[in-house]
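**Q** First the structure, then my questions, so here it is.
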Number of protein chains: 2
Amino acid sequence: MIIAIYGMGLIGGSIGRTIVKNTGHYVIAADIDPAAMLKAKMLGACHEEIDEMNISSADIIIIAVNPYQTLDILEELPTKVKSGAVIIDTCGIKRSIVSKMEGLKSIYPEVEFLGVHPMAGREFSGISHSTTSLFEKAYFIITPVHTGIEALVKIKTLFKEMGCEGVVTASADYHDRVIAYTSQLAHIVSSSYVKSPMSREHHGFSAGSFKDLTRVAKLNPIMWTQLFLSNKDYLLEEISQLIEHLSEYKEAIAEGNFQELQKLLSEGVIRKEYADKLAKEKINE
Amino acid sequence: MIIAIYGMGLIGGSIGRTIVKNTGHYVIAADIDPAAMLKAKMLGACHEEIDEMNISSADIIIIAVNPYQTLDILEELPTKVKSGAVIIDTCGIKRSIVSKMEGLKSIYPEVEFLGVHPMAGREFSGISHSTTSLFEKAYFIITPVHTGIEALVKIKTLFKEMGCEGVVTASADYHDRVIAYTSQLAHIVSSSYVKSPMSREHHGFSAGSFKDLTRVAKLNPIMWTQLFLSNKDYLLEEISQLIEHLSEYKEAIAEGNFQELQKLLSEGVIRKEYADKLAKEKINE
């Protein structure tokens, strides 16, 4: 197959390198930054650059850029690709992307669309940090857009070839609701956590919890601003809820209420154990 | 040397097993739970049980129980031990412990005291989860109580024999202020984080940030309640500050303020990089 990738950043670059390494597919790629494009070629993330000619032969087109730019590229693509080509994205939010895809699908029924969110990342950005192992054991969430079975099989096979652990199908709405909690809230908390003046004093004073709580504070601000603002409703709900819970602990501590504080902590233990148990069961399904 | 350990839990058990494994010291131990004591003997965490006789020969006495119980044991110990014996604790808070030790030191000047907080732990409690590697690469924070140089050398040598990475000396006040942030706040946040109903949906929807943010939610509720209430002032300050920061992000998102949100996130990146840089420099000192 011919696979086109828009965006040679951490995700696009890693996808390209993994496909080139693991498969016989021919990869064409594009990036607005010439330096990134050069690096992509040097790292073997693609075979050649996308042009008006070769894009019309692509079987799969992967858009791996920030959410707002994804919408722009999506808009232009359907007239350039061949009938039956499958266009997928890699954004961390799905409602705005899938809604755009649905609109395009009604105009270009001969093109296939699929929303995709690879559950993989690093606390670094750019092609220089791309790897050929980023998707090993990673889950890919897919949000179908009346996607045909043949197209779905094509994409799932590609993910398998890339070493992915499993594919989870979800509606865009469900995806955005869950991701607001599992990923977006974590980034907000991490970024807030490092803002205490005490963050300069942590060395030798932490057994690992500080490291865990602040790891994802090192993020790509533009991309995450776009992600957060594209998921405003669900994310605000999660932040408000967390603040409420924190306030419960705060109150119990301020009052010196031993029983209440112990109860709050015990509930946390139970929730955590239950969450871990469910995750294990789902793995064994 | 003869080393006495009160408390055969995760910390006391691990200390005992590590000393027995790595050194030639003779370890005597006690626990109010006979089952824990039996397990301790089976796991080789001690050579024999503490009694009224052998405690009077101990060179070092380590109290490895919850903060409130540590105060009780401290109260009784000085009359039982020999002149020059060094009494240390292992609590996660230091002000109340060190203040108690200072009071005792003025009454029993022939006994040595030292506050100790080993920066090591696991999200499990009890002797069954003890290991002989818990203190490898761990830092030990010590808070001296007019401790003599000979006693300090004795204790630091023991920590080295246990495989510890380094010893950091701090005042009890500084310890409690920093630990409120690096460790206690992390446990409060983790415990709050798992309380969203979404915690049941995370499987396949997280690349690791959920795991990181909730790891320490699995804690020992009684011990942590004691720790939190013993560090009320500093901990409340940190919780309030975190809530304030979270509210800034929340407001920027609610307003759809792209510039402000990007600024908040960028500041987080800078803070995180600075904190990591300082920690690296301190390691190389």
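In the structure tokens, each chain is lettered A, B, ... as it comes, each chain's residues begin at 1, and ligands are numbered from 1 in order of appearance.
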Just the strand (DSSP E) stuff from stretch 99-264 of chain B, please, per backbone DSSP, written as a list of chain:residue names.

**A**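 These are the residues in question: B:Glu112, B:Phe113, B:Leu114, B:Gly115, B:Val116, B:His117, B:Pro118, B:Tyr139, B:Phe140, B:Ile141, B:Ile142, B:Thr143, B:Pro144, B:Gly166, B:Val167, B:Val168, B:Thr169.
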
**Q** Return the neighbours of chain A among the residues of chain B, cut-off 6 Å, counting only C-alpha atoms, as JSON, numbers by chain.

**A** {"B": [119, 120, 139, 182, 191, 192, 199, 200, 203, 204, 206, 207, 210, 212, 213, 217, 218, 221, 225, 245, 246, 262, 265, 266, 268, 269, 275, 279]}

**Q** Any idea what's packed within 8 Å of stretch 100-106 of chain B, counting only C-alpha atoms, ignoring anything in its chain fewer than 6 positions away? Could you give it as a VMD selection string?

**A** chain B and resid 71 74 to 75 78 112 to 114 145

**Q** Just how far from atom CA of B:Ile5 is atom CA of B:Cys91, in Å to one decimal?

**A** 13.5 Å

**Q** May I ask for the distance between atom CA of A:Thr132 and atom CA of A:Ile28, given in Å to one decimal place?

**A**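 Pair atom CA of A:Thr132 / atom CA of A:Ile28 returns 16.9 Å.
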
**Q** When you draw a straight line from atom CA of B:Thr131 to atom CA of B:Ala85, how long is it in Å?

**A**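 Distance between the two atoms: 26.6 Å.
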
**Q** Return as a Markdown table the residues of stretch 57-105 of chain B lying at most 10 Å from stretch 10-18 of chain B, together with the closest atom-to-atom pair for each and the distance in Å to one decimal, counting only C-alpha atoms, with rows in chain order and ascending residue number.

**A**
```
| residue | atom | partner | partner_atom | distance |
| --- | --- | --- | --- | --- |
| B:Ile62 | CA | B:Gly12 | CA | 8.0 |
| B:Ile63 | CA | B:Gly12 | CA | 7.7 |
| B:Ala64 | CA | B:Gly12 | CA | 5.1 |
| B:Val65 | CA | B:Gly12 | CA | 7.7 |
| B:Thr90 | CA | B:Ile11 | CA | 8.0 |
| B:Cys91 | CA | B:Ile11 | CA | 9.9 |
```

**Q** For the residues in the current selection, export C-alpha atoms as a PDB file, in the first residue's frame.

**A**
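Just written: again10.pdb:
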```pdb
ATOM      1  CA  ILE B  62      14.692   2.155  65.485  1.00  0.00           C
ATOM      2  CA  ILE B  63      11.025   3.016  65.955  1.00  0.00           C
ATOM      3  CA  ALA B  64       9.133   2.086  62.781  1.00  0.00           C
ATOM      4  CA  VAL B  65       5.478   2.554  63.674  1.00  0.00           C
ATOM      5  CA  THR B  90      11.165   6.619  60.716  1.00  0.00           C
ATOM      6  CA  CYS B  91       8.104   8.878  60.566  1.00  0.00           C
TER       7      CYS B  91
END
```

**Q** Could you pull out all residues of stretch 28-174 of chain A with a DSSP call of helix (DSSP H, G or I) and give them as JSON, numbers by chain?

**A** {"A": [34, 35, 36, 37, 38, 39, 40, 41, 42, 54, 55, 56, 57, 67, 68, 69, 70, 71, 72, 73, 74, 75, 76, 95, 96, 97, 98, 99, 100, 101, 102, 103, 104, 105, 106, 107, 127, 128, 129, 149, 150, 151, 152, 153, 154, 155, 156, 157, 158, 159, 160, 161, 172, 173, 174]}
